[in-house]
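Q: Following this message is one structure expressed as C-alpha cells.
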Amino acid sequence: MAPRLDFSNFWAKDTTKGTPVVVTMENPNFSVVEIDGPDAAFRPVDKSRGKNAKQVTWVLLLKAHRAVSCISWLATIFWALLGTIKKRLIYREGVAMESGKLGKQKLLFTVIRVFLVTSLAILAFEVVAYFKGWHYFRNPSLHIPGTSDIQSLLHMVYVAWLTFRADYIAPAIQALSKFCVVLFLIQSIDRMILSFGCLWIKFKKIKPRIGWDSLKSDDVEKFGYEYPMVLIQIPMCNEKEVYEQSISAVCQIDWPKERLLIQVLDDSDDESIQWLIKTEVANWSQRGINIIYRHRVVRTGYKAGNLKSAMSCDYVKDYEFVAIFDADFQPNPDFLKQTVPHFKDNPELGLVQARWAFVNKDENLLTRLQNVNLCFHFEVEQQVNGVFLNFFGFNGTAGVWRIKALEESGGWLERTTVEDMDIAVRAHLNGWKFIYLNDVKVLCEVPESYEAYRKQQHRWHSGPMQLFRLCLPAIITSKITAWKKANLILLFFLLRKLILPFYSFTLFCIILPLTMFVPEAELPAWVICYVPVFMSFLNILPSPKSFPFIVPYLLFENTMSVTKFNAMVSGLFQLGSSYEWVITKKTGRSSESDLVAAAERESKMVNQLQVHRGASESELSELNRIMEQKEVAPKPIKKANKIYRKELALAFLLLTASVRSLLSAQGVHFYFLLFQGVTFLLVGLDLIGEQMS
C-alpha cells in the first residue's frame, strides 16, 4: 500500500520561530508586553484601538460639516430655481412665450390644462378628507361607508366621488394603463433584442469588409482598381456659422481631382451670406479644386427640392456615385477611400452610410443627453439593421449613394420633410441593399439649445408618420418578401416611430399622475422605476462615459415625449405643423484639427482680391463691403429664454400628483413624480440648455 502523503497537519501546525520573551517592568508607567516570535510586533493593529473622545468628536464634526455643505448646496439650487421661476414666470424678464399655432395645435395644451385644473381640485378635496380622518384611500380594497356613516354634506359628496371613481373612472384608466404597459414591454423587448444583436456583432467582430482597408497607390496597381467618378453635394441654407469649415473639409478629401466634383447647393435668402459662400467657393476653385456654386431663386421643397434640382444637371450623368454632407459636417480626407470601395463587385449595393461624431457633445447637459440617444441609434440600431437586414433609415448626410439606385427609386421627392427616410424606403422596396460603417466617423454638431433641439425632434417625428401614410400602399403591393414588409410596417414605422412616443407620453405623463388620484388603478413600481431604469441602462451602454447621467437621461426622455407625441399626431393626421421645415441652428464648433488649421484658413482673406481678379468692379466693391461687415461684427445679442406652456402645465400636474402620493405614503411614486415634475419645470423654463459642466 502506498504511503499516504497528508501534509494538512504540517501546514496547519502553528510553528513558532524564536524564543518567547516576557519583559516585566517595575515602573507602573509602562505596560507589560509579550513578544511571541520576532514577527509579532509587526502584526496588524486594531484601528479602533486608541481612539479617544477628541478624535471621535472631530470625526462627528467632519461628517456634520459634509451634511451641512450638502444641505446648503441643495438649498442654493432650490433658491436659484425659485428665483428663476419668479423672474421668468412672474416678471417675464428676458423671456418670450412659445410660438404656438392656432386651432388644432392648442388642443394638446388645452387637454393638459384641463387635467391640471381637475387634479388641483381633487387634491384640495383629498387634503380636506385627509385632515377629517376619511382615510379610505389607504385601504387596498376600497371600503365605501354606508348611509349610517355619513357625517356631513361634504362627507356625502366625498363618498359619492369615491363611488363614481371606483365604478367609472378606475376601469377606464386600468384598461388604458394595461394597454400602454403591454406596448411598453414590447418596445423594451425590441430594445433588448437590438442590444443583444449589437453584442453578438462585437463578439463575432462582424463588419463590412473589402479587399483592402483603403485605396492606396499600390492597392490600385495590385487590384487594378480605377477611381470612379464621384459627385459631392453640400446643401445649405443661411449656414453662416459653418459653411467655411464644411467646404474646407470636403475640399481636402483625398481623391483624384479630375474624378471629383463638389456642388455647393446654397438656398440662402440672405445676400451677404451668398457672397461669403461664393467667395469661399472661388477661393478653393483657384486652388485647383473642381467645385461649383449653385443657388436657387425659388426655394421649393426645402432640402429635397435643392438636391433634386442639383441632380437634374446634365453633367451628373457622367458620375457614378454621389456623397452628401450637410453644412455642419466635416469628413476626414480618407472618407471616400473608406466608403466607395464597398461598391466594387457589389452591384446590389445602393447606399454606404457612415457614423456621426459630435464636436460639442460635452458642451452642456442637453448635448450630453443627445449624445446618449444618438450613440445608441448608430452603435445599435443602424449597425444591427445593417448587418442582419441590409436596410436602415438613411441619415440624410455622411453617406454615399449609387446614382443608379437614386434614379431607379424615383429620385428625391418633396412630399415630406424626411426626404432621407423616403428615398431609403423606396430604394429598399426596389431591392437595393445598404451597408453601415460604424468605424467611419464624420464630425458634426448637435443642437445646444432646447429650442433648436425641440424643432429638430418635431421634424424627425412628424415626417415618418407622414411618410407612413404615403408609403403604406406601396409597401403592401411591393415585391419584397413578407417578413421584410412586416419589418417595415410593424418595427420600422409602427413600433419605433408611433408606439414609442405614444406610450411614453400617455403612460408617464398622463396615466401615472392620474393614478395618484385614482388609487384603484395604481401602476406597479416595476413599471415606473425598475424597467425604465434597466432600459436606460441599455441605451447608455454605447456611451459608457455618460453613465453618471442615467437618471437625467431617463427623466429628460419622458419630458421629450410631449414634443414627440405632438409631432407624431401632427404627422399622422397631416396637420399644418407636419410640413414645417426649420433649419437647425448651428454654432460653428470646430474640432482640434480645425483649430490647428485656422491660421491657414484666415490667410485666405488676405488674397481675396487676387482670387477675384476676374470679377467686375461692382462685384469687388460689394465683396469688400461684406468683408468689412464681417470684420466689424456686432455685439452678440443676449438670448431670450422661451416659456414652454405644455411642459410647464405638465410640470405642475406631476408636482400636484407627487403631493397626492404623500397622502398615500407611496415612496417610489412620490420620488419619480417629484423628479419628473422638476425636469418638466426646468425644460418649461428653458433651463435645460444652460451651460452645465
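Following the order of the C-alpha cells, chains are lettered A, B, ..., residues in each are numbered from 1, and ligands are numbered from 1.
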May I have the residues within 7 Å of stretch 286-293 of chain A as a list of chain:residue names, using only C-alpha atoms and disregarding those fewer than 2 positions away in the same chain?
A: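 So the residues in contact are A:Cys251, A:Lys257, A:Leu260, A:Leu261, A:Ile262, A:Gln263, A:Val264, A:Leu265, A:Lys278, A:Val281, A:Ala282, A:Asn283, A:Trp284, A:His295, A:Val611.
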Q: Quick one, how far is atom CA of A:Leu307 from atom CA of A:Arg469?
A: 23.3 Å
Q: Just the number, please: distance in Å from atom CA of A:Leu655 to atom CA of A:Leu674, one decimal.
A: 5.7 Å
Q: Which residue is closest to A:Glu408? Choose from A:Gly350, A:Gly463, A:Gly571, A:Gly197 and count only C-alpha atoms.
A: A:Gly350
Q: Can you check which residues of stretch 200-373 of chain A DSSP gives as helix (DSSP H, G or I) on the backbone and send them as JSON, numbers by chain?
A: {"A": [200, 201, 202, 203, 204, 217, 218, 219, 220, 221, 222, 223, 243, 244, 245, 246, 247, 248, 249, 250, 251, 257, 258, 259, 271, 272, 273, 274, 275, 276, 277, 278, 279, 280, 281, 282, 283, 284, 285, 286, 302, 303, 304, 305, 306, 307, 308, 309, 310, 311, 314, 315, 316, 317, 318, 335, 336, 337, 338, 339, 340, 341, 342, 343, 365, 366, 367, 368, 369, 370, 371, 372, 373]}
